[in-house]
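A.B. asks: If you scroll down you'll find the structure; I have some questions about it.
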Amino acid sequence: MFAERTNWNLTGNRLSEALARHRGSGKPLFDLTASNPTECGFAYDGAMILAALQNPAALRYEPNPKGLESTRLAVTEYYSALGVALSAEDIVLTSSTSEAYSFVFRLLCNPGDELLIPAPSYPLFGFLADIQDVNLVRYPLVYDHGWQIDLHSLQQAITSRTRGVIVVNPNNPTGHFVKTSELARLNELCAARKMALIADEVFLDFPLADEKPVSFAGTKTALTFAMSGLSKIAGLPQMKMAWLVASGPATLKTQAIEKLEIIADTYLSPNAPVQWATPTFLEQRSRFQKQLLARVRQNLRELDRQLGAQNNCSRLEVEGGWYVVLRVPATGSDEELALTLLETRDVYVHPGHFFDFPSDGYLVLSLIAAEDQFAEGARRLLKLASTG
C-alpha cells in the first residue's frame, strides 16, 4: 500500500532503545550529544522575541513565493556582514534547510539521478534523498593533520547521472571549513560538468579562529545554492525560518530562480509572524553567538586538559561548528562502546558510524552541552577508555 521510498527500517537500534530505557529509569544522564540550543542554558531575550512575533503586519496575508521582501533584504544584510553582496531577488525563504534541500533536489534531479555527499557527514541526507527519489554517492573526506576533500575520489565518483555536489561548510561533525583552493576547484569541476554546487552553511557563523570564513553564496563560476537559517545562526530552531541563495552564471541563475519560484509557490510554507520577526532575530544574533562560542571554546579547553592527562584517546582538529570528533581505541565497535558508556557510566555519545565514519574508533561529542555536564561526561568517558 505504501510507496517503496518509505520502506525504511523502522526498528529502533540498540542504542536508541537503551537511551529510552535509561531516560525512563530516572537515572542521571550526561548527554554529550546535546544539539538543541534552547535546552542548553543560553540566555535569550524573551521579551524581544515575543515582541517581534506580535507585529500587526502579520495579520495580513501577503503571499509571495520567495517570501517577504523585507525579510529577504534582512538576509542580504546578514551576507553583507560576511562580505558577500546579494540581491533579495536571488533569495527564496523556506521553513527549514531540509525544505531548501528538497526544493533544490526537485529542481535538479529526475528520479534516480545522483548527488555527491561528503563522508563523514550528517545522516539526514539519506532520508531527504529517499523522499525525493534521489540517489546519494559518497565522496571521502580525509584526515591528515586536519580535514580535506579527496578531490580525486570526488571526481572519480561523477557519472552521467550526477547533478550536483553537496558540501557542508563547516562540516558536521568534523568541524572543518572548505578551503579557498577547494572552493575554486569545485567551482571549476561543476561548471565544466554542468553540475550544481549545494552548500549547507548553517554553522558558518561559528569559527573557532578569528578569521572570517568564506561563504559559497555569491559565487559566479558554477550554479550554486547556499542555505542557512535561524536554527543555528540565532539559536532559534523552533522559529522554522531558513533560506536558499542562488548564484552563478547569470542565465543559469535566472532560470533556476524562475523554477524555484514555482516550486516555492506550490508550498508557501514560511509563516507571516516569523517572516516579519526575522529581521529582529538576525539583528540580535550576536548575543547568542558570543555565548555559544564561549561555551564551545571552554568545553574544548576542558576536553584538551583531560586528554592531556591520559594516553589512550585524542581528538581530531576542529575549525568551527558545535561538535568534536574523539578518537578512541578500536577494541570493539563504536556502538558497543557507546552502549557501555550509557549503561555503565550514564554518558550518552554518538558512535562514529552514525556519521558514516569508515571504521570504528570514533565518537562524536557536542560542544554546546552545559560545561559541568560536559566536563563530568568527558571524565567518565575517558576513564572507561583508559580502563577498558
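Within each chain, counting starts at residue 1; across the C-alpha cells, chains are named A, B, ... in the order shown, with ligands numbered 1 upward in that order.
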Sorted by chain and rising residue number, which residues of stretch 111-160 of chain A lie within 12 Å of stretch 362-384 of chain A, and what are their closest atom pairs and distances in Å to one decimal, counting only C-alpha atoms, as CSV?
C.D. replies:
residue,atom,partner,partner_atom,distance
A:Pro120,CA,A:Tyr362,CA,11.0
A:Ser121,CA,A:Val364,CA,11.3
A:Tyr122,CA,A:Val364,CA,11.3
A.B. asks: Please save N, CA and C atoms of the selected residues as a short mmCIF file (atom, residue, chain, number, x, y, z; two decimals), in the first residue's frame.
C.D. replies:
data_model
loop_
_atom_site.label_atom_id
_atom_site.label_comp_id
_atom_site.auth_asym_id
_atom_site.auth_seq_id
_atom_site.Cartn_x
_atom_site.Cartn_y
_atom_site.Cartn_z
N PRO A 120 32.85 11.59 6.30
CA PRO A 120 31.69 11.60 7.18
C PRO A 120 30.83 12.85 6.99
N SER A 121 29.55 12.71 7.38
CA SER A 121 28.65 13.84 7.38
C SER A 121 27.36 13.45 8.08
N TYR A 122 26.43 14.38 8.16
CA TYR A 122 25.20 14.21 8.92
C TYR A 122 24.27 13.22 8.23
#
A.B. asks: Could you produce a table of the residues of stretch 104-160 of chain A lying within 12 Å of stretch 167-170 of chain A, with the nearest pair of atoms per residue and their separation in Å rounded to one decimal, using only C-alpha atoms, ordered by chain and increasing residue number, as a tab-separated table?
C.D. replies:
residue	atom	partner	partner_atom	distance
A:Leu115	CA	A:Val167	CA	10.7
A:Leu116	CA	A:Val167	CA	8.7
A:Ile117	CA	A:Val167	CA	6.8
A:Pro118	CA	A:Val167	CA	6.7
A:Ala119	CA	A:Val167	CA	10.2
A:Pro120	CA	A:Val168	CA	10.5
A:Ser121	CA	A:Val168	CA	8.1
A:Tyr122	CA	A:Val168	CA	9.2
A:Phe125	CA	A:Val168	CA	11.3
A:Arg138	CA	A:Val167	CA	11.1
A:Tyr139	CA	A:Val167	CA	10.2
A:Pro140	CA	A:Val167	CA	11.5
A:Leu141	CA	A:Val167	CA	10.7
A:Trp147	CA	A:Pro170	CA	10.7
A:Gln148	CA	A:Pro170	CA	11.3
A:Ile149	CA	A:Val167	CA	9.6
A:Leu154	CA	A:Val167	CA	11.5
A.B. asks: With C-alpha atoms kept, could you save the residues just selected as a JSON list (two decimals), in the first residue's frame?
C.D. replies:
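Result file result24.json:
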[["chain", "number", "residue", "atom", "x", "y", "z"],
["A", 115, "LEU", "CA", 24.12, 13.83, -5.86],
["A", 116, "LEU", "CA", 27.56, 13.57, -4.27],
["A", 117, "ILE", "CA", 27.72, 13.97, -0.50],
["A", 118, "PRO", "CA", 30.70, 14.06, 1.89],
["A", 119, "ALA", "CA", 31.55, 11.22, 4.25],
["A", 120, "PRO", "CA", 31.69, 11.60, 7.18],
["A", 121, "SER", "CA", 28.65, 13.84, 7.38],
["A", 122, "TYR", "CA", 25.20, 14.21, 8.92],
["A", 125, "PHE", "CA", 20.79, 13.37, 3.78],
["A", 138, "ARG", "CA", 29.62, 9.48, -1.15],
["A", 139, "TYR", "CA", 32.94, 11.19, -1.66],
["A", 140, "PRO", "CA", 35.52, 10.87, 1.13],
["A", 141, "LEU", "CA", 36.88, 13.49, 3.46],
["A", 147, "TRP", "CA", 40.37, 17.54, 7.17],
["A", 148, "GLN", "CA", 40.29, 17.98, 3.43],
["A", 149, "ILE", "CA", 38.19, 16.90, 0.48],
["A", 154, "LEU", "CA", 35.14, 13.04, -5.80]]
A.B. asks: Determine, counting only C-alpha atoms, which protein, DNA and RNA residues have an atom within 12 Å of an atom of A:Lys290; residues of the same chain fewer than 5 positions away are not included. Present the result as a PDB file with all heavy atoms, in the first residue's frame.
C.D. replies:
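Final output, saved to part_37.pdb:
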ATOM      1  N   PHE A  42      21.470  28.702  27.485  1.00  0.00           N
ATOM      2  CA  PHE A  42      21.847  30.005  26.946  1.00  0.00           C
ATOM      3  C   PHE A  42      20.764  31.036  27.283  1.00  0.00           C
ATOM      4  O   PHE A  42      19.577  30.710  27.380  1.00  0.00           O
ATOM      5  CB  PHE A  42      22.055  29.926  25.434  1.00  0.00           C
ATOM      6  CG  PHE A  42      23.153  29.003  25.025  1.00  0.00           C
ATOM      7  CD1 PHE A  42      22.879  27.815  24.358  1.00  0.00           C
ATOM      8  CD2 PHE A  42      24.469  29.293  25.332  1.00  0.00           C
ATOM      9  CE1 PHE A  42      23.893  26.953  23.984  1.00  0.00           C
ATOM     10  CE2 PHE A  42      25.497  28.428  24.968  1.00  0.00           C
ATOM     11  CZ  PHE A  42      25.202  27.261  24.297  1.00  0.00           C
ATOM     12  N   ALA A  43      21.184  32.269  27.450  1.00  0.00           N
ATOM     13  CA  ALA A  43      20.255  33.342  27.805  1.00  0.00           C
ATOM     14  C   ALA A  43      19.679  33.967  26.540  1.00  0.00           C
ATOM     15  O   ALA A  43      20.427  34.422  25.666  1.00  0.00           O
ATOM     16  CB  ALA A  43      20.972  34.400  28.646  1.00  0.00           C
ATOM     17  N   TYR A  44      18.356  34.003  26.461  1.00  0.00           N
ATOM     18  CA  TYR A  44      17.660  34.624  25.344  1.00  0.00           C
ATOM     19  C   TYR A  44      16.898  35.848  25.852  1.00  0.00           C
ATOM     20  O   TYR A  44      16.442  35.876  27.004  1.00  0.00           O
ATOM     21  CB  TYR A  44      16.671  33.653  24.708  1.00  0.00           C
ATOM     22  CG  TYR A  44      17.286  32.502  23.960  1.00  0.00           C
ATOM     23  CD1 TYR A  44      17.641  31.326  24.614  1.00  0.00           C
ATOM     24  CD2 TYR A  44      17.481  32.572  22.590  1.00  0.00           C
ATOM     25  CE1 TYR A  44      18.198  30.257  23.929  1.00  0.00           C
ATOM     26  CE2 TYR A  44      18.029  31.505  21.887  1.00  0.00           C
ATOM     27  CZ  TYR A  44      18.389  30.351  22.559  1.00  0.00           C
ATOM     28  OH  TYR A  44      18.937  29.299  21.870  1.00  0.00           O
ATOM     29  N   ASP A 205      28.701  30.727  11.027  1.00  0.00           N
ATOM     30  CA  ASP A 205      28.984  31.824  11.948  1.00  0.00           C
ATOM     31  C   ASP A 205      29.755  31.403  13.196  1.00  0.00           C
ATOM     32  O   ASP A 205      29.927  32.223  14.108  1.00  0.00           O
ATOM     33  CB  ASP A 205      27.674  32.476  12.396  1.00  0.00           C
ATOM     34  CG  ASP A 205      27.067  33.359  11.328  1.00  0.00           C
ATOM     35  OD1 ASP A 205      27.493  33.254  10.169  1.00  0.00           O
ATOM     36  OD2 ASP A 205      26.166  34.150  11.651  1.00  0.00           O
ATOM     37  N   PHE A 206      30.225  30.152  13.233  1.00  0.00           N
ATOM     38  CA  PHE A 206      30.841  29.660  14.459  1.00  0.00           C
ATOM     39  C   PHE A 206      32.262  29.138  14.243  1.00  0.00           C
ATOM     40  O   PHE A 206      32.582  27.999  14.584  1.00  0.00           O
ATOM     41  CB  PHE A 206      29.960  28.570  15.085  1.00  0.00           C
ATOM     42  CG  PHE A 206      28.568  29.053  15.392  1.00  0.00           C
ATOM     43  CD1 PHE A 206      27.531  28.809  14.508  1.00  0.00           C
ATOM     44  CD2 PHE A 206      28.314  29.790  16.530  1.00  0.00           C
ATOM     45  CE1 PHE A 206      26.252  29.278  14.774  1.00  0.00           C
ATOM     46  CE2 PHE A 206      27.044  30.263  16.808  1.00  0.00           C
ATOM     47  CZ  PHE A 206      26.009  30.010  15.920  1.00  0.00           C
ATOM     48  N   PRO A 207      33.144  30.004  13.693  1.00  0.00           N
ATOM     49  CA  PRO A 207      34.552  29.603  13.571  1.00  0.00           C
ATOM     50  C   PRO A 207      35.253  29.742  14.917  1.00  0.00           C
ATOM     51  O   PRO A 207      34.960  30.671  15.691  1.00  0.00           O
ATOM     52  CB  PRO A 207      35.109  30.604  12.557  1.00  0.00           C
ATOM     53  CG  PRO A 207      34.285  31.838  12.773  1.00  0.00           C
ATOM     54  CD  PRO A 207      32.911  31.358  13.153  1.00  0.00           C
ATOM     55  N   LEU A 208      36.174  28.847  15.197  1.00  0.00           N
ATOM     56  CA  LEU A 208      36.909  28.920  16.457  1.00  0.00           C
ATOM     57  C   LEU A 208      38.072  29.893  16.374  1.00  0.00           C
ATOM     58  O   LEU A 208      38.530  30.407  17.392  1.00  0.00           O
ATOM     59  CB  LEU A 208      37.398  27.526  16.850  1.00  0.00           C
ATOM     60  CG  LEU A 208      36.278  26.519  17.145  1.00  0.00           C
ATOM     61  CD1 LEU A 208      36.856  25.179  17.543  1.00  0.00           C
ATOM     62  CD2 LEU A 208      35.358  27.039  18.239  1.00  0.00           C
ATOM     63  N   ILE A 233      22.095  30.070  13.393  1.00  0.00           N
ATOM     64  CA  ILE A 233      22.600  31.445  13.410  1.00  0.00           C
ATOM     65  C   ILE A 233      22.120  32.209  14.637  1.00  0.00           C
ATOM     66  O   ILE A 233      22.893  32.924  15.284  1.00  0.00           O
ATOM     67  CB  ILE A 233      22.183  32.178  12.121  1.00  0.00           C
ATOM     68  CG1 ILE A 233      23.015  31.698  10.936  1.00  0.00           C
ATOM     69  CG2 ILE A 233      22.358  33.693  12.272  1.00  0.00           C
ATOM     70  CD1 ILE A 233      22.582  32.304   9.627  1.00  0.00           C
ATOM     71  N   ALA A 234      20.827  32.071  14.948  1.00  0.00           N
ATOM     72  CA  ALA A 234      20.254  32.798  16.077  1.00  0.00           C
ATOM     73  C   ALA A 234      19.882  31.871  17.230  1.00  0.00           C
ATOM     74  O   ALA A 234      19.318  32.337  18.219  1.00  0.00           O
ATOM     75  CB  ALA A 234      19.038  33.598  15.615  1.00  0.00           C
ATOM     76  N   GLY A 235      20.166  30.584  17.093  1.00  0.00           N
ATOM     77  CA  GLY A 235      19.814  29.634  18.147  1.00  0.00           C
ATOM     78  C   GLY A 235      18.322  29.497  18.344  1.00  0.00           C
ATOM     79  O   GLY A 235      17.852  29.279  19.461  1.00  0.00           O
ATOM     80  N   GLN A 284      19.754  40.478  16.429  1.00  0.00           N
ATOM     81  CA  GLN A 284      20.103  40.087  17.796  1.00  0.00           C
ATOM     82  C   GLN A 284      20.995  38.843  17.858  1.00  0.00           C
ATOM     83  O   GLN A 284      21.287  38.352  18.947  1.00  0.00           O
ATOM     84  CB  GLN A 284      18.820  39.828  18.597  1.00  0.00           C
ATOM     85  CG  GLN A 284      17.895  41.023  18.714  1.00  0.00           C
ATOM     86  CD  GLN A 284      18.469  42.124  19.573  1.00  0.00           C
ATOM     87  OE1 GLN A 284      19.067  41.861  20.612  1.00  0.00           O
ATOM     88  NE2 GLN A 284      18.316  43.370  19.140  1.00  0.00           N
ATOM     89  N   ARG A 285      21.440  38.336  16.725  1.00  0.00           N
ATOM     90  CA  ARG A 285      22.126  37.041  16.705  1.00  0.00           C
ATOM     91  C   ARG A 285      23.462  37.051  17.439  1.00  0.00           C
ATOM     92  O   ARG A 285      23.888  36.014  17.967  1.00  0.00           O
ATOM     93  CB  ARG A 285      22.334  36.569  15.271  1.00  0.00           C
ATOM     94  CG  ARG A 285      23.331  37.404  14.451  1.00  0.00           C
ATOM     95  CD  ARG A 285      23.354  36.960  13.001  1.00  0.00           C
ATOM     96  NE  ARG A 285      24.337  37.676  12.199  1.00  0.00           N
ATOM     97  CZ  ARG A 285      24.130  38.871  11.641  1.00  0.00           C
ATOM     98  NH1 ARG A 285      22.957  39.487  11.793  1.00  0.00           N
ATOM     99  NH2 ARG A 285      25.074  39.440  10.905  1.00  0.00           N
ATOM    100  N   ARG A 295      31.034  28.892  25.128  1.00  0.00           N
ATOM    101  CA  ARG A 295      30.779  27.535  25.633  1.00  0.00           C
ATOM    102  C   ARG A 295      31.616  26.511  24.869  1.00  0.00           C
ATOM    103  O   ARG A 295      32.234  25.627  25.471  1.00  0.00           O
ATOM    104  CB  ARG A 295      29.281  27.233  25.486  1.00  0.00           C
ATOM    105  CG  ARG A 295      28.856  25.808  25.839  1.00  0.00           C
ATOM    106  CD  ARG A 295      28.720  25.564  27.324  1.00  0.00           C
ATOM    107  NE  ARG A 295      27.773  26.455  27.942  1.00  0.00           N
ATOM    108  CZ  ARG A 295      26.434  26.284  27.938  1.00  0.00           C
ATOM    109  NH1 ARG A 295      25.907  25.239  27.331  1.00  0.00           N
ATOM    110  NH2 ARG A 295      25.645  27.142  28.551  1.00  0.00           N
ATOM    111  N   VAL A 296      31.599  26.609  23.552  1.00  0.00           N
ATOM    112  CA  VAL A 296      32.350  25.661  22.721  1.00  0.00           C
ATOM    113  C   VAL A 296      33.837  25.704  23.063  1.00  0.00           C
ATOM    114  O   VAL A 296      34.487  24.663  23.234  1.00  0.00           O
ATOM    115  CB  VAL A 296      32.121  25.965  21.224  1.00  0.00           C
ATOM    116  CG1 VAL A 296      33.128  25.218  20.357  1.00  0.00           C
ATOM    117  CG2 VAL A 296      30.697  25.586  20.820  1.00  0.00           C
ATOM    118  N   ARG A 297      34.380  26.905  23.162  1.00  0.00           N
ATOM    119  CA  ARG A 297      35.814  27.037  23.443  1.00  0.00           C
ATOM    120  C   ARG A 297      36.172  26.521  24.833  1.00  0.00           C
ATOM    121  O   ARG A 297      37.199  25.866  25.024  1.00  0.00           O
ATOM    122  CB  ARG A 297      36.233  28.491  23.276  1.00  0.00           C
ATOM    123  CG  ARG A 297      36.269  28.938  21.809  1.00  0.00           C
ATOM    124  CD  ARG A 297      36.414  30.431  21.664  1.00  0.00           C
ATOM    125  NE  ARG A 297      36.570  30.818  20.256  1.00  0.00           N
ATOM    126  CZ  ARG A 297      36.105  31.929  19.730  1.00  0.00           C
ATOM    127  NH1 ARG A 297      35.431  32.792  20.493  1.00  0.00           N
ATOM    128  NH2 ARG A 297      36.292  32.206  18.449  1.00  0.00           N
TER     129      ARG A 297
END
A.B. asks: Tell me, as a CSV table (one decimal) with C-alpha atoms, in the first residue's frame, which residues lie within 10 Å of A:Ile158, counting only C-alpha atoms; anything in the same chain fewer than 5 positions away does not count.
C.D. replies:
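The resulting result22.csv:
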chain,number,residue,atom,x,y,z
A,114,GLU,CA,22.7,11.3,-8.2
A,115,LEU,CA,24.1,13.8,-5.9
A,116,LEU,CA,27.6,13.6,-4.3
A,137,VAL,CA,27.0,8.8,-3.8
A,139,TYR,CA,32.9,11.2,-1.7
A,153,SER,CA,37.9,10.5,-5.4
A,163,ARG,CA,23.5,16.5,-10.9
A,164,GLY,CA,25.4,18.2,-8.1
A,165,VAL,CA,27.9,18.2,-5.3
A,193,ARG,CA,30.4,19.1,-15.9
A,195,MET,CA,26.6,20.3,-12.2
A.B. asks: Quick check for you: according to DSSP on this backbone, which residues of stretch 57-298 of chain A are classed as strand (DSSP E)? Reply as a compact mmCIF listing (two decimals) with N, CA, C and O atoms, in the first residue's frame.
C.D. replies:
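Result written to selection_12.txt:
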# COMPACT_ATOMS: atom_id res chain seq x y z
N ILE A 91 17.04 35.22 -3.47
CA ILE A 91 16.82 34.50 -2.21
C ILE A 91 15.40 33.96 -2.16
O ILE A 91 14.44 34.66 -2.51
N VAL A 92 15.27 32.71 -1.73
CA VAL A 92 13.97 32.09 -1.51
C VAL A 92 13.90 31.66 -0.05
O VAL A 92 14.79 30.94 0.43
N LEU A 93 12.88 32.10 0.66
CA LEU A 93 12.70 31.72 2.06
C LEU A 93 12.03 30.36 2.14
O LEU A 93 11.13 30.03 1.36
N THR A 94 12.47 29.56 3.10
CA THR A 94 11.88 28.24 3.34
C THR A 94 11.66 28.08 4.84
O THR A 94 12.16 28.86 5.65
N GLU A 114 21.74 11.40 -9.36
CA GLU A 114 22.68 11.29 -8.24
C GLU A 114 23.18 12.65 -7.77
O GLU A 114 23.34 13.58 -8.55
N LEU A 115 23.44 12.70 -6.47
CA LEU A 115 24.12 13.83 -5.86
C LEU A 115 25.27 13.29 -5.03
O LEU A 115 25.15 12.24 -4.38
N LEU A 116 26.40 13.99 -5.05
CA LEU A 116 27.56 13.57 -4.27
C LEU A 116 27.49 14.23 -2.90
O LEU A 116 27.22 15.43 -2.78
N ILE A 117 27.73 13.44 -1.85
CA ILE A 117 27.72 13.97 -0.50
C ILE A 117 29.00 13.57 0.22
O ILE A 117 29.60 12.53 -0.07
N PRO A 118 29.46 14.39 1.17
CA PRO A 118 30.70 14.06 1.89
C PRO A 118 30.48 12.95 2.90
O PRO A 118 29.38 12.77 3.43
N ALA A 119 31.54 12.23 3.18
CA ALA A 119 31.55 11.22 4.25
C ALA A 119 32.88 11.35 4.98
O ALA A 119 33.92 11.28 4.34
N ASN A 135 19.44 9.43 -5.64
CA ASN A 135 20.49 8.53 -5.14
C ASN A 135 21.68 9.35 -4.66
O ASN A 135 22.09 10.32 -5.31
N LEU A 136 22.23 8.95 -3.54
CA LEU A 136 23.40 9.61 -2.98
C LEU A 136 24.65 8.79 -3.23
O LEU A 136 24.63 7.56 -3.08
N VAL A 137 25.71 9.47 -3.62
CA VAL A 137 27.01 8.84 -3.81
C VAL A 137 28.00 9.58 -2.93
O VAL A 137 28.11 10.81 -3.00
N ARG A 138 28.72 8.84 -2.12
CA ARG A 138 29.62 9.48 -1.15
C ARG A 138 31.00 9.75 -1.74
O ARG A 138 31.52 8.92 -2.48
N TYR A 139 31.53 10.89 -1.37
CA TYR A 139 32.94 11.19 -1.66
C TYR A 139 33.65 11.37 -0.32
O TYR A 139 33.09 11.93 0.62
N PRO A 140 34.88 10.88 -0.18
CA PRO A 140 35.52 10.87 1.13
C PRO A 140 36.15 12.20 1.53
O PRO A 140 36.70 12.93 0.70
N LEU A 141 36.07 12.48 2.81
CA LEU A 141 36.88 13.49 3.46
C LEU A 141 38.04 12.76 4.11
O LEU A 141 37.82 11.73 4.76
N VAL A 142 39.23 13.23 3.95
CA VAL A 142 40.40 12.55 4.50
C VAL A 142 41.04 13.42 5.58
O VAL A 142 40.98 14.65 5.51
N TYR A 143 41.64 12.76 6.55
CA TYR A 143 42.22 13.48 7.68
C TYR A 143 43.72 13.27 7.72
O TYR A 143 44.20 12.13 7.76
N TRP A 147 41.23 18.17 8.18
CA TRP A 147 40.37 17.54 7.17
C TRP A 147 40.52 18.22 5.82
O TRP A 147 40.77 19.41 5.73
N GLN A 148 40.31 17.43 4.78
CA GLN A 148 40.29 17.98 3.43
C GLN A 148 39.47 17.08 2.53
O GLN A 148 39.25 15.90 2.83
N ILE A 149 38.97 17.66 1.45
CA ILE A 149 38.19 16.90 0.48
C ILE A 149 39.14 16.09 -0.40
O ILE A 149 40.14 16.60 -0.89
N THR A 162 25.10 12.33 -12.39
CA THR A 162 25.42 13.23 -11.29
C THR A 162 24.92 14.63 -11.60
O THR A 162 25.27 15.21 -12.63
N ARG A 163 24.13 15.19 -10.70
CA ARG A 163 23.55 16.52 -10.91
C ARG A 163 24.14 17.60 -10.01
O ARG A 163 23.91 18.78 -10.25
N GLY A 164 24.87 17.19 -8.98
CA GLY A 164 25.43 18.21 -8.12
C GLY A 164 26.30 17.64 -7.03
O GLY A 164 26.34 16.42 -6.81
N VAL A 165 27.02 18.54 -6.36
CA VAL A 165 27.90 18.18 -5.25
C VAL A 165 27.44 18.95 -4.01
O VAL A 165 27.32 20.17 -4.05
N ILE A 166 27.19 18.22 -2.94
CA ILE A 166 26.82 18.83 -1.68
C ILE A 166 28.06 19.01 -0.82
O ILE A 166 28.87 18.09 -0.69
N VAL A 167 28.22 20.20 -0.27
CA VAL A 167 29.28 20.46 0.70
C VAL A 167 28.63 21.05 1.95
O VAL A 167 27.61 21.74 1.86
N VAL A 168 29.20 20.76 3.10
CA VAL A 168 28.74 21.32 4.37
C VAL A 168 29.89 22.15 4.92
O VAL A 168 30.99 21.63 5.11
N ALA A 196 25.64 21.36 -10.27
CA ALA A 196 25.44 22.44 -9.32
C ALA A 196 26.22 22.18 -8.03
O ALA A 196 26.49 21.03 -7.67
N LEU A 197 26.56 23.25 -7.34
CA LEU A 197 27.12 23.18 -6.00
C LEU A 197 26.01 23.50 -5.01
O LEU A 197 25.27 24.48 -5.18
N ILE A 198 25.89 22.66 -3.99
CA ILE A 198 24.87 22.85 -2.96
C ILE A 198 25.60 22.95 -1.63
O ILE A 198 26.21 21.98 -1.18
N ALA A 199 25.57 24.14 -1.02
CA ALA A 199 26.37 24.41 0.17
C ALA A 199 25.49 24.63 1.39
O ALA A 199 24.69 25.59 1.43
N ASP A 200 25.61 23.76 2.36
CA ASP A 200 24.92 23.88 3.64
C ASP A 200 25.84 24.65 4.58
O ASP A 200 26.90 24.16 4.97
N THR A 224 25.20 27.71 -8.05
CA THR A 224 25.42 27.40 -6.64
C THR A 224 24.18 27.74 -5.82
O THR A 224 23.52 28.77 -6.05
N PHE A 225 23.89 26.87 -4.87
CA PHE A 225 22.80 27.10 -3.93
C PHE A 225 23.36 27.02 -2.51
O PHE A 225 23.83 25.96 -2.08
N ALA A 226 23.35 28.15 -1.81
CA ALA A 226 23.81 28.19 -0.43
C ALA A 226 22.59 28.31 0.47
O ALA A 226 21.64 29.02 0.15
N MET A 227 22.62 27.62 1.61
CA MET A 227 21.47 27.65 2.50
C MET A 227 21.91 27.81 3.95
O MET A 227 22.99 27.40 4.36
N SER A 228 21.05 28.45 4.71
CA SER A 228 21.27 28.62 6.14
C SER A 228 19.93 29.00 6.76
O SER A 228 18.89 28.94 6.10
N GLY A 229 19.94 29.40 8.05
CA GLY A 229 18.68 29.76 8.69
C GLY A 229 18.85 30.12 10.15
O GLY A 229 19.96 30.10 10.70
N ALA A 242 14.38 29.54 7.27
CA ALA A 242 15.65 29.31 6.59
C ALA A 242 15.58 29.99 5.22
O ALA A 242 14.57 30.60 4.86
N TRP A 243 16.65 29.86 4.47
CA TRP A 243 16.67 30.47 3.14
C TRP A 243 17.62 29.73 2.22
O TRP A 243 18.51 29.00 2.63
N LEU A 244 17.38 30.00 0.94
CA LEU A 244 18.15 29.41 -0.15
C LEU A 244 18.61 30.54 -1.04
O LEU A 244 17.81 31.37 -1.47
N VAL A 245 19.93 30.61 -1.27
CA VAL A 245 20.52 31.67 -2.09
C VAL A 245 21.05 31.06 -3.39
O VAL A 245 21.87 30.13 -3.35
N ALA A 246 20.60 31.58 -4.50
CA ALA A 246 21.08 31.11 -5.81
C ALA A 246 22.12 32.09 -6.34
O ALA A 246 21.96 33.31 -6.25
N SER A 247 23.19 31.55 -6.88
CA SER A 247 24.22 32.37 -7.52
C SER A 247 24.86 31.57 -8.63
O SER A 247 24.58 30.38 -8.81
A.B. asks: Among stretch 85-171 of chain A, which residues carry a DSSP assignment of alpha helix (DSSP H), reported as a count of residues only?
C.D. replies: 26
A.B. asks: Return the single residue from A:Leu342, A:Ala309, A:Ala184, A:Ala272 that is closest to A:Pro56, with distances computed using only C-alpha atoms.
C.D. replies: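 Of A:Leu342, A:Ala309, A:Ala184, A:Ala272, the one nearest A:Pro56, counting only C-alpha atoms, is A:Ala272.
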A.B. asks: Give the answer as one residue: which of A:Thr387, A:Thr221, A:Thr266, A:Thr33 has the shortest atom-to-atom distance to A:Phe103, using only C-alpha atoms?
C.D. replies: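 Answer, going by the shortest atom-to-atom distance: A:Thr266.
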A.B. asks: Quick one: residues within 9 Å of A:Val75, only C-alpha atoms counted, chain neighbours fewer than 5 positions away excluded, as a list of chain:residue names?
C.D. replies: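 Here the qualifying residues turn out to be A:Ser70, A:Ser80, A:Leu86, A:Ala88, A:Ile91, A:Trp243, A:Thr278, A:Pro279, A:Leu282.
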A.B. asks: Name the closest residue to A:Ala294 among the candidates A:Trp322, A:Asn9, A:Ile263, A:Ala85; distances are taken between atoms, counting only C-alpha atoms.
C.D. replies: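 Of A:Trp322, A:Asn9, A:Ile263, A:Ala85, the one nearest A:Ala294, counting only C-alpha atoms, is A:Trp322.
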A.B. asks: Tell me which protein, DNA and RNA residues are within 10 Å of A:Ser269, counting only C-alpha atoms, leaving out same-chain ones fewer than 3 positions away, and put them as a PyMOL selection string.
C.D. replies: chain A and resi 63+65+67+93-96+99+240-241+264-266+272
A.B. asks: Can you work out the spacing between atom CA of A:Glu319 and atom CA of A:Phe30 in Å, to one decimal?
C.D. replies: 24.7 Å
A.B. asks: Work out how far apart atom CA of A:Gly12 and atom CA of A:Tyr348 are and give it in Å to one decimal.
C.D. replies: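 Between these atoms lies a distance of 16.3 Å.
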A.B. asks: Given the choices A:Val214, A:Leu128, A:Leu186, A:Ala34, which gets closest to A:Gln155 if the distance is worked out from only C-alpha atoms?
C.D. replies: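 Once distances to A:Gln155 are computed over only C-alpha atoms, the minimum belongs to A:Leu186.
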